>>> print(open('model.pdb').read())   # PDB, C-alpha atoms
MODEL        1
ATOM      1  CA  MET M   1      48.703 -94.523  20.267  1.00  0.00           C
ATOM      2  CA  THR M   2      48.340 -92.239  17.261  1.00  0.00           C
ATOM      3  CA  LEU M   3      47.832 -93.700  13.807  1.00  0.00           C
ATOM      4  CA  GLN M   4      50.641 -92.083  11.822  1.00  0.00           C
ATOM      5  CA  GLN M   5      48.958 -92.255   8.400  1.00  0.00           C
ATOM      6  CA  SER M   6      45.503 -91.161   9.591  1.00  0.00           C
ATOM      7  CA  ARG M   7      45.458 -87.462  10.204  1.00  0.00           C
ATOM      8  CA  THR M   8      43.555 -84.238   9.857  1.00  0.00           C
ATOM      9  CA  VAL M   9      45.109 -81.687   7.553  1.00  0.00           C
ATOM     10  CA  ILE M  10      44.112 -78.174   8.535  1.00  0.00           C
ATOM     11  CA  SER M  11      44.954 -74.686   7.369  1.00  0.00           C
ATOM     12  CA  VAL M  12      44.031 -71.543   9.232  1.00  0.00           C
ATOM     13  CA  GLU M  13      44.107 -68.184   7.530  1.00  0.00           C
ATOM     14  CA  TYR M  14      43.878 -65.366  10.016  1.00  0.00           C
ATOM     15  CA  PHE M  15      43.615 -61.623  10.070  1.00  0.00           C
ATOM     16  CA  TYR M  16      44.461 -60.178  13.466  1.00  0.00           C
ATOM     17  CA  GLN M  17      43.701 -56.542  14.171  1.00  0.00           C
ATOM     18  CA  ARG M  18      43.477 -55.225  17.696  1.00  0.00           C
ATOM     19  CA  ASN M  19      40.572 -52.900  16.840  1.00  0.00           C
ATOM     20  CA  LEU M  20      38.318 -55.703  15.565  1.00  0.00           C
ATOM     21  CA  GLU M  21      35.437 -55.965  17.989  1.00  0.00           C
ATOM     22  CA  LYS M  22      34.808 -59.693  17.800  1.00  0.00           C
ATOM     23  CA  MET M  23      36.010 -62.931  16.307  1.00  0.00           C
ATOM     24  CA  SER M  24      34.628 -64.211  13.033  1.00  0.00           C
ATOM     25  CA  LEU M  25      34.936 -67.656  11.515  1.00  0.00           C
ATOM     26  CA  SER M  26      34.383 -69.355   8.175  1.00  0.00           C
ATOM     27  CA  TYR M  27      34.868 -73.129   8.257  1.00  0.00           C
ATOM     28  CA  PHE M  28      35.284 -75.444   5.268  1.00  0.00           C
ATOM     29  CA  TYR M  29      35.446 -79.231   5.418  1.00  0.00           C
ATOM     30  CA  GLU M  30      36.742 -80.832   2.234  1.00  0.00           C
ATOM     31  CA  ASP M  31      36.330 -77.500   0.398  1.00  0.00           C
ATOM     32  CA  LYS M  32      32.651 -77.097   1.347  1.00  0.00           C
ATOM     33  CA  GLN M  33      31.368 -74.646   3.910  1.00  0.00           C
ATOM     34  CA  ASN M  34      29.920 -76.618   6.792  1.00  0.00           C
ATOM     35  CA  PRO M  35      27.619 -74.580   9.087  1.00  0.00           C
ATOM     36  CA  THR M  36      27.270 -77.381  11.653  1.00  0.00           C
ATOM     37  CA  PHE M  37      31.021 -77.780  12.115  1.00  0.00           C
ATOM     38  CA  GLU M  38      31.459 -74.015  11.863  1.00  0.00           C
ATOM     39  CA  ASP M  39      29.152 -73.475  14.841  1.00  0.00           C
ATOM     40  CA  ARG M  40      30.929 -76.170  16.874  1.00  0.00           C
ATOM     41  CA  TYR M  41      34.335 -74.662  16.142  1.00  0.00           C
ATOM     42  CA  LEU M  42      33.120 -71.136  16.866  1.00  0.00           C
ATOM     43  CA  GLN M  43      31.872 -72.262  20.286  1.00  0.00           C
ATOM     44  CA  TYR M  44      35.236 -73.927  20.905  1.00  0.00           C
ATOM     45  CA  LEU M  45      37.175 -70.827  19.818  1.00  0.00           C
ATOM     46  CA  LEU M  46      35.058 -68.609  22.057  1.00  0.00           C
ATOM     47  CA  HIS M  47      35.760 -70.985  24.945  1.00  0.00           C
ATOM     48  CA  VAL M  48      39.540 -71.083  24.429  1.00  0.00           C
ATOM     49  CA  SER M  49      39.799 -67.339  23.796  1.00  0.00           C
ATOM     50  CA  LYS M  50      40.414 -66.854  27.527  1.00  0.00           C
ATOM     51  CA  TYR M  51      43.736 -68.686  26.934  1.00  0.00           C
ATOM     52  CA  LEU M  52      44.275 -67.064  23.516  1.00  0.00           C
ATOM     53  CA  PRO M  53      42.881 -63.532  23.898  1.00  0.00           C
ATOM     54  CA  PHE M  54      44.022 -62.512  20.422  1.00  0.00           C
ATOM     55  CA  LEU M  55      41.204 -64.657  19.015  1.00  0.00           C
ATOM     56  CA  ASN M  56      38.708 -62.001  20.116  1.00  0.00           C
ATOM     57  CA  HIS M  57      40.226 -59.680  17.506  1.00  0.00           C
ATOM     58  CA  THR M  58      40.725 -62.161  14.691  1.00  0.00           C
ATOM     59  CA  GLU M  59      38.988 -63.187  11.488  1.00  0.00           C
ATOM     60  CA  LEU M  60      39.609 -66.873  10.797  1.00  0.00           C
ATOM     61  CA  VAL M  61      39.127 -69.111   7.784  1.00  0.00           C
ATOM     62  CA  ILE M  62      39.641 -72.768   8.649  1.00  0.00           C
ATOM     63  CA  LYS M  63      39.946 -75.409   5.940  1.00  0.00           C
ATOM     64  CA  SER M  64      40.048 -79.025   7.043  1.00  0.00           C
ATOM     65  CA  ARG M  65      40.182 -82.502   5.543  1.00  0.00           C
ATOM     66  CA  ASN M  66      41.029 -85.978   6.753  1.00  0.00           C
ATOM     67  CA  THR M  67      43.288 -88.589   5.194  1.00  0.00           C
ATOM     68  CA  PHE M  68      40.736 -91.173   6.360  1.00  0.00           C
ATOM     69  CA  PRO M  69      36.947 -91.407   5.986  1.00  0.00           C
ATOM     70  CA  HIS M  70      34.925 -89.128   8.262  1.00  0.00           C
ATOM     71  CA  SER M  71      32.762 -91.048  10.772  1.00  0.00           C
ATOM     72  CA  ALA M  72      34.850 -94.187  10.284  1.00  0.00           C
ATOM     73  CA  GLY M  73      35.431 -94.608  14.011  1.00  0.00           C
ATOM     74  CA  ILE M  74      38.986 -93.249  13.874  1.00  0.00           C
ATOM     75  CA  ALA M  75      38.365 -90.291  16.202  1.00  0.00           C
ATOM     76  CA  SER M  76      38.131 -87.624  13.509  1.00  0.00           C
ATOM     77  CA  SER M  77      36.872 -85.140  16.100  1.00  0.00           C
ATOM     78  CA  ALA M  78      39.919 -85.701  18.303  1.00  0.00           C
ATOM     79  CA  SER M  79      42.211 -85.466  15.306  1.00  0.00           C
ATOM     80  CA  SER M  80      40.544 -82.255  14.178  1.00  0.00           C
ATOM     81  CA  PHE M  81      40.700 -80.511  17.553  1.00  0.00           C
ATOM     82  CA  GLY M  82      44.317 -81.621  17.950  1.00  0.00           C
ATOM     83  CA  ALA M  83      45.232 -80.167  14.558  1.00  0.00           C
ATOM     84  CA  LEU M  84      43.364 -76.927  15.285  1.00  0.00           C
ATOM     85  CA  ALA M  85      45.036 -76.519  18.687  1.00  0.00           C
ATOM     86  CA  LEU M  86      48.457 -76.935  17.059  1.00  0.00           C
ATOM     87  CA  ALA M  87      47.555 -74.318  14.455  1.00  0.00           C
ATOM     88  CA  LEU M  88      46.313 -71.879  17.122  1.00  0.00           C
ATOM     89  CA  CYS M  89      49.540 -72.242  19.100  1.00  0.00           C
ATOM     90  CA  ASP M  90      51.489 -71.645  15.904  1.00  0.00           C
ATOM     91  CA  ILE M  91      49.518 -68.432  15.327  1.00  0.00           C
ATOM     92  CA  GLU M  92      50.214 -67.300  18.898  1.00  0.00           C
ATOM     93  CA  ARG M  93      53.915 -67.967  18.407  1.00  0.00           C
ATOM     94  CA  SER M  94      53.930 -66.084  15.085  1.00  0.00           C
ATOM     95  CA  LEU M  95      52.064 -63.061  16.411  1.00  0.00           C
ATOM     96  CA  PHE M  96      53.681 -62.682  19.821  1.00  0.00           C
ATOM     97  CA  GLY M  97      56.933 -64.657  19.863  1.00  0.00           C
ATOM     98  CA  THR M  98      55.689 -66.908  22.674  1.00  0.00           C
ATOM     99  CA  LEU M  99      55.774 -70.703  22.957  1.00  0.00           C
ATOM    100  CA  THR M 100      59.326 -70.819  21.631  1.00  0.00           C
ATOM    101  CA  GLU M 101      60.227 -73.947  23.601  1.00  0.00           C
ATOM    102  CA  ASP M 102      58.900 -77.181  22.091  1.00  0.00           C
ATOM    103  CA  TYR M 103      57.710 -78.499  25.453  1.00  0.00           C
ATOM    104  CA  ASP M 104      55.698 -75.328  26.200  1.00  0.00           C
ATOM    105  CA  PHE M 105      54.231 -75.319  22.685  1.00  0.00           C
ATOM    106  CA  MET M 106      53.114 -78.950  22.841  1.00  0.00           C
ATOM    107  CA  GLU M 107      51.812 -78.702  26.403  1.00  0.00           C
ATOM    108  CA  LYS M 108      49.611 -75.711  25.531  1.00  0.00           C
ATOM    109  CA  ALA M 109      48.423 -77.329  22.299  1.00  0.00           C
ATOM    110  CA  SER M 110      47.503 -80.491  24.200  1.00  0.00           C
ATOM    111  CA  PHE M 111      45.710 -78.479  26.898  1.00  0.00           C
ATOM    112  CA  LEU M 112      43.727 -76.501  24.302  1.00  0.00           C
ATOM    113  CA  ALA M 113      42.886 -79.622  22.304  1.00  0.00           C
ATOM    114  CA  ARG M 114      41.480 -81.278  25.462  1.00  0.00           C
ATOM    115  CA  LEU M 115      38.992 -78.429  25.780  1.00  0.00           C
ATOM    116  CA  GLY M 116      37.510 -79.415  22.405  1.00  0.00           C
ATOM    117  CA  SER M 117      37.582 -83.173  22.913  1.00  0.00           C
ATOM    118  CA  GLY M 118      39.189 -85.022  25.790  1.00  0.00           C
ATOM    119  CA  SER M 119      41.026 -87.534  23.643  1.00  0.00           C
ATOM    120  CA  ALA M 120      42.228 -84.724  21.357  1.00  0.00           C
ATOM    121  CA  CYS M 121      44.926 -83.870  23.882  1.00  0.00           C
ATOM    122  CA  ARG M 122      46.704 -87.082  22.860  1.00  0.00           C
ATOM    123  CA  SER M 123      46.248 -86.378  19.147  1.00  0.00           C
ATOM    124  CA  VAL M 124      48.775 -83.535  19.097  1.00  0.00           C
ATOM    125  CA  TYR M 125      51.603 -86.037  19.521  1.00  0.00           C
ATOM    126  CA  GLY M 126      52.704 -88.656  17.054  1.00  0.00           C
ATOM    127  CA  GLY M 127      53.257 -92.148  18.357  1.00  0.00           C
ATOM    128  CA  PHE M 128      52.425 -92.838  21.984  1.00  0.00           C
ATOM    129  CA  SER M 129      51.109 -90.420  24.592  1.00  0.00           C
ATOM    130  CA  LEU M 130      49.494 -90.412  28.008  1.00  0.00           C
ATOM    131  CA  TRP M 131      46.656 -88.295  29.351  1.00  0.00           C
ATOM    132  CA  GLY M 132      46.133 -88.449  33.088  1.00  0.00           C
ATOM    133  CA  THR M 133      48.221 -88.312  36.213  1.00  0.00           C
ATOM    134  CA  MET M 134      50.276 -91.426  36.979  1.00  0.00           C
ATOM    135  CA  ASP M 135      52.525 -91.576  40.022  1.00  0.00           C
ATOM    136  CA  ASP M 136      55.316 -93.369  38.163  1.00  0.00           C
ATOM    137  CA  ILE M 137      55.458 -90.968  35.208  1.00  0.00           C
ATOM    138  CA  LEU M 138      56.883 -87.560  35.989  1.00  0.00           C
ATOM    139  CA  ALA M 139      55.091 -84.629  34.318  1.00  0.00           C
ATOM    140  CA  SER M 140      51.895 -86.638  33.740  1.00  0.00           C
ATOM    141  CA  THR M 141      48.795 -84.557  34.391  1.00  0.00           C
ATOM    142  CA  ASP M 142      45.043 -84.492  33.938  1.00  0.00           C
ATOM    143  CA  GLU M 143      45.305 -81.105  32.206  1.00  0.00           C
ATOM    144  CA  ALA M 144      47.215 -82.199  29.090  1.00  0.00           C
ATOM    145  CA  ALA M 145      48.804 -85.269  27.549  1.00  0.00           C
ATOM    146  CA  ILE M 146      52.527 -85.954  27.420  1.00  0.00           C
ATOM    147  CA  SER M 147      54.536 -87.860  24.846  1.00  0.00           C
ATOM    148  CA  LEU M 148      55.637 -91.352  25.827  1.00  0.00           C
ATOM    149  CA  ASN M 149      57.825 -91.872  22.777  1.00  0.00           C
ATOM    150  CA  PHE M 150      60.937 -91.624  24.928  1.00  0.00           C
ATOM    151  CA  ILE M 151      60.040 -94.802  26.847  1.00  0.00           C
ATOM    152  CA  ILE M 152      58.489 -96.906  24.064  1.00  0.00           C
ATOM    153  CA  HIS M 153      60.847 -99.190  22.169  1.00  0.00           C
ATOM    154  CA  PRO M 154      61.243 -98.024  18.531  1.00  0.00           C
ATOM    155  CA  ILE M 155      60.160-101.420  17.234  1.00  0.00           C
ATOM    156  CA  PHE M 156      56.584-100.387  18.035  1.00  0.00           C
ATOM    157  CA  TYR M 157      56.631 -97.410  15.682  1.00  0.00           C
TER     158      TYR M 157
ENDMDL
END
>>> encode(input="model.pdb", output="structure tokens")
Amino acid sequence: MTLQQSRTVISVEYFYQRNLEKMSLSYFYEDKQNPTFEDRYLQYLLHVSKYLPFLNHTELVIKSRNTFPHSAGIASSASSFGALALALCDIERSLFGTLTEDYDFMEKASFLARLGSGSACRSVYGGFSLWGTMDDILASTDEAAISLNFIIHPIFY
């Protein structure tokens, strides 16, 4: 279950140019450059670049903040990787016209988020989601989460 009022707000400025030789990243948390987080995100971006090859030719500036206290036990890492994966899929869609179907967009975002933090794959959805294969739930998989909002009674929102 996702906490609706606790979220990571992220912006990603990007400059894509095919002749750039490698990715670069500047990362800011709450308006302050954060080398520790920057290194973690750079390693993540290098890892997911095999699924988003345009990243290898992109300069990125990521600015992030939470609507809840960092290190408060509310899975800020999962929230952050979920937000970043959504932003990366949005960039892919903007640059290349891919991921036009909502299901494809969310599935890829969930998959990419999982590569940063396992529980992050659930963070891309609001409400209720499932990560892991279950025989009784069609489309469930270990690779990405799926939304369960369609089977949860609205009283629980």
>>> closest_residue(input="model.pdb", among="M:Ile91, M:His153, M:Ser123, M:Phe28", to="Ser6 in chain M", atoms="only C-alpha atoms")
M:Ser123
>>> resolve_selection(input="model.pdb", expression="the PyMOL selection byres ((chain M and resi 77) around 12)", output="MDAnalysis selection string")
chainID M and resid 7:8 37 40:41 64:66 69:76 78:84 113:121 123
>>> atom_distance(input="model.pdb", atom1="CA of Leu95 in chain M", atom2="CA of Val12 in chain M")
13.7 Å
>>> atom_distance(input="model.pdb", atom1="CA of Phe128 in chain M", atom2="CA of Ile155 in chain M")
12.5 Å
>>> residues_around(input="model.pdb", residues="Ile152 in chain M", least_positions_apart="4", cutoff="12 Å", atoms="only C-alpha atoms", output="number ranges by chain")
M: 1, 127-130, 147-148, 156-157
>>> write_last_selection(input="model.pdb", atoms="C-alpha atoms", output="PDB file, in the frame of the given file")
ATOM      1  CA  MET M   1      48.703 -94.523  20.267  1.00  0.00           C
ATOM      2  CA  GLY M 127      53.257 -92.148  18.357  1.00  0.00           C
ATOM      3  CA  PHE M 128      52.425 -92.838  21.984  1.00  0.00           C
ATOM      4  CA  SER M 129      51.109 -90.420  24.592  1.00  0.00           C
ATOM      5  CA  LEU M 130      49.494 -90.412  28.008  1.00  0.00           C
ATOM      6  CA  SER M 147      54.536 -87.860  24.846  1.00  0.00           C
ATOM      7  CA  LEU M 148      55.637 -91.352  25.827  1.00  0.00           C
ATOM      8  CA  PHE M 156      56.584-100.387  18.035  1.00  0.00           C
ATOM      9  CA  TYR M 157      56.631 -97.410  15.682  1.00  0.00           C
TER      10      TYR M 157
END
>>> residues_around(input="model.pdb", residues="Asp39 in chain M", least_positions_apart="4", cutoff="12 Å", atoms="all atoms listed in the file", output="ChimeraX atom specification")
/M:24-28,33-35,43-46
>>> resolve_selection(input="model.pdb", expression="the PyMOL selection byres ((chain M and resi 18) around 12)", output="list in words")
Phe15, Tyr16, Gln17, Asn19, Leu20, Glu21, Lys22, Met23, Pro53, Phe54, Leu55, Asn56, His57, Thr58, Glu59 and Leu95 of chain M
>>> axis_aligned_box(input="model.pdb", around="range 81-98 of chain M", padding_each_side="4 Å", output="lines of an AutoDock Vina configuration file")
center_x = 48.8
center_y = -72.2
center_z = 18.6
size_x = 24.2
size_y = 26.9
size_z = 16.2
>>> closest_residue(input="model.pdb", among="M:Ile137, M:Val9, M:Ile151, M:Ala109", to="Val48 in chain M", atoms="all atoms listed in the file")
M:Ala109
>>> atom_distance(input="model.pdb", atom1="CA of Ala87 in chain M", atom2="CA of Ala139 in chain M")
23.6 Å
>>> closest_residue(input="model.pdb", among="M:Phe96, M:Phe111, M:Phe68, M:Phe150", to="Trp131 in chain M", atoms="all atoms listed in the file")
M:Phe111
>>> closest_residue(input="model.pdb", among="M:Thr67, M:Phe105, M:Val61, M:Asp136", to="Glu38 in chain M", atoms="all atoms listed in the file")
M:Val61
>>> closest_residue(input="model.pdb", among="M:Asn149, M:Ser49, M:Ser110, M:Ser94", to="Tyr14 in chain M", atoms="all atoms listed in the file")
M:Ser94
>>> build_atoms(input="model.pdb", residues="range 121-148 of chain M", atoms="N, CA and C atoms", output="JSON list (two decimals), in the frame of the given file")
[["chain", "number", "residue", "atom", "x", "y", "z"],
["M", 121, "CYS", "N", 43.66, -84.27, 23.27],
["M", 121, "CYS", "CA", 44.93, -83.87, 23.88],
["M", 121, "CYS", "C", 46.05, -84.85, 23.55],
["M", 122, "ARG", "N", 45.69, -86.10, 23.26],
["M", 122, "ARG", "CA", 46.70, -87.08, 22.86],
["M", 122, "ARG", "C", 47.02, -86.98, 21.38],
["M", 123, "SER", "N", 46.09, -86.43, 20.60],
["M", 123, "SER", "CA", 46.25, -86.38, 19.15],
["M", 123, "SER", "C", 47.30, -85.39, 18.67],
["M", 124, "VAL", "N", 47.76, -84.50, 19.54],
["M", 124, "VAL", "CA", 48.78, -83.54, 19.10],
["M", 124, "VAL", "C", 50.15, -84.18, 18.96],
["M", 125, "TYR", "N", 50.33, -85.33, 19.57],
["M", 125, "TYR", "CA", 51.60, -86.04, 19.52],
["M", 125, "TYR", "C", 51.53, -87.16, 18.51],
["M", 126, "GLY", "N", 52.62, -87.45, 17.85],
["M", 126, "GLY", "CA", 52.70, -88.66, 17.05],
["M", 126, "GLY", "C", 53.16, -89.80, 17.94],
["M", 127, "GLY", "N", 52.81, -91.00, 17.58],
["M", 127, "GLY", "CA", 53.26, -92.15, 18.36],
["M", 127, "GLY", "C", 52.42, -92.35, 19.60],
["M", 128, "PHE", "N", 53.08, -92.47, 20.74],
["M", 128, "PHE", "CA", 52.42, -92.84, 21.98],
["M", 128, "PHE", "C", 52.37, -91.64, 22.94],
["M", 129, "SER", "N", 51.24, -91.51, 23.63],
["M", 129, "SER", "CA", 51.11, -90.42, 24.59],
["M", 129, "SER", "C", 50.23, -90.89, 25.75],
["M", 130, "LEU", "N", 50.25, -90.10, 26.80],
["M", 130, "LEU", "CA", 49.49, -90.41, 28.01],
["M", 130, "LEU", "C", 48.73, -89.17, 28.45],
["M", 131, "TRP", "N", 47.46, -89.37, 28.76],
["M", 131, "TRP", "CA", 46.66, -88.30, 29.35],
["M", 131, "TRP", "C", 46.19, -88.80, 30.70],
["M", 132, "GLY", "N", 46.54, -88.10, 31.73],
["M", 132, "GLY", "CA", 46.13, -88.45, 33.09],
["M", 132, "GLY", "C", 47.33, -88.60, 34.00],
["M", 133, "THR", "N", 47.15, -88.26, 35.23],
["M", 133, "THR", "CA", 48.22, -88.31, 36.21],
["M", 133, "THR", "C", 48.52, -89.76, 36.60],
["M", 134, "MET", "N", 49.80, -90.11, 36.53],
["M", 134, "MET", "CA", 50.28, -91.43, 36.98],
["M", 134, "MET", "C", 51.48, -91.19, 37.87],
["M", 135, "ASP", "N", 51.46, -91.79, 39.04],
["M", 135, "ASP", "CA", 52.52, -91.58, 40.02],
["M", 135, "ASP", "C", 53.91, -91.91, 39.48],
["M", 136, "ASP", "N", 54.01, -92.92, 38.64],
["M", 136, "ASP", "CA", 55.32, -93.37, 38.16],
["M", 136, "ASP", "C", 55.84, -92.59, 36.95],
["M", 137, "ILE", "N", 55.02, -91.70, 36.40],
["M", 137, "ILE", "CA", 55.46, -90.97, 35.21],
["M", 137, "ILE", "C", 55.47, -89.48, 35.52],
["M", 138, "LEU", "N", 56.68, -88.97, 35.68],
["M", 138, "LEU", "CA", 56.88, -87.56, 35.99],
["M", 138, "LEU", "C", 56.28, -86.70, 34.88],
["M", 139, "ALA", "N", 55.70, -85.61, 35.22],
["M", 139, "ALA", "CA", 55.09, -84.63, 34.32],
["M", 139, "ALA", "C", 53.73, -85.07, 33.80],
["M", 140, "SER", "N", 53.24, -86.25, 34.17],
["M", 140, "SER", "CA", 51.90, -86.64, 33.74],
["M", 140, "SER", "C", 50.88, -85.78, 34.50],
["M", 141, "THR", "N", 49.79, -85.45, 33.82],
["M", 141, "THR", "CA", 48.80, -84.56, 34.39],
["M", 141, "THR", "C", 47.42, -84.83, 33.78],
["M", 142, "ASP", "N", 46.40, -84.40, 34.47],
["M", 142, "ASP", "CA", 45.04, -84.49, 33.94],
["M", 142, "ASP", "C", 44.72, -83.34, 33.00],
["M", 143, "GLU", "N", 45.56, -82.32, 32.99],
["M", 143, "GLU", "CA", 45.30, -81.10, 32.21],
["M", 143, "GLU", "C", 45.71, -81.23, 30.74],
["M", 144, "ALA", "N", 46.70, -82.06, 30.45],
["M", 144, "ALA", "CA", 47.22, -82.20, 29.09],
["M", 144, "ALA", "C", 47.90, -83.55, 28.99],
["M", 145, "ALA", "N", 48.08, -84.02, 27.77],
["M", 145, "ALA", "CA", 48.80, -85.27, 27.55],
["M", 145, "ALA", "C", 50.30, -84.99, 27.49],
["M", 146, "ILE", "N", 51.08, -86.04, 27.62],
["M", 146, "ILE", "CA", 52.53, -85.95, 27.42],
["M", 146, "ILE", "C", 52.94, -87.07, 26.46],
["M", 147, "SER", "N", 54.00, -86.86, 25.75],
["M", 147, "SER", "CA", 54.54, -87.86, 24.85],
["M", 147, "SER", "C", 55.20, -88.98, 25.66],
["M", 148, "LEU", "N", 54.98, -90.20, 25.22],
["M", 148, "LEU", "CA", 55.64, -91.35, 25.83],
["M", 148, "LEU", "C", 56.67, -91.96, 24.88]]
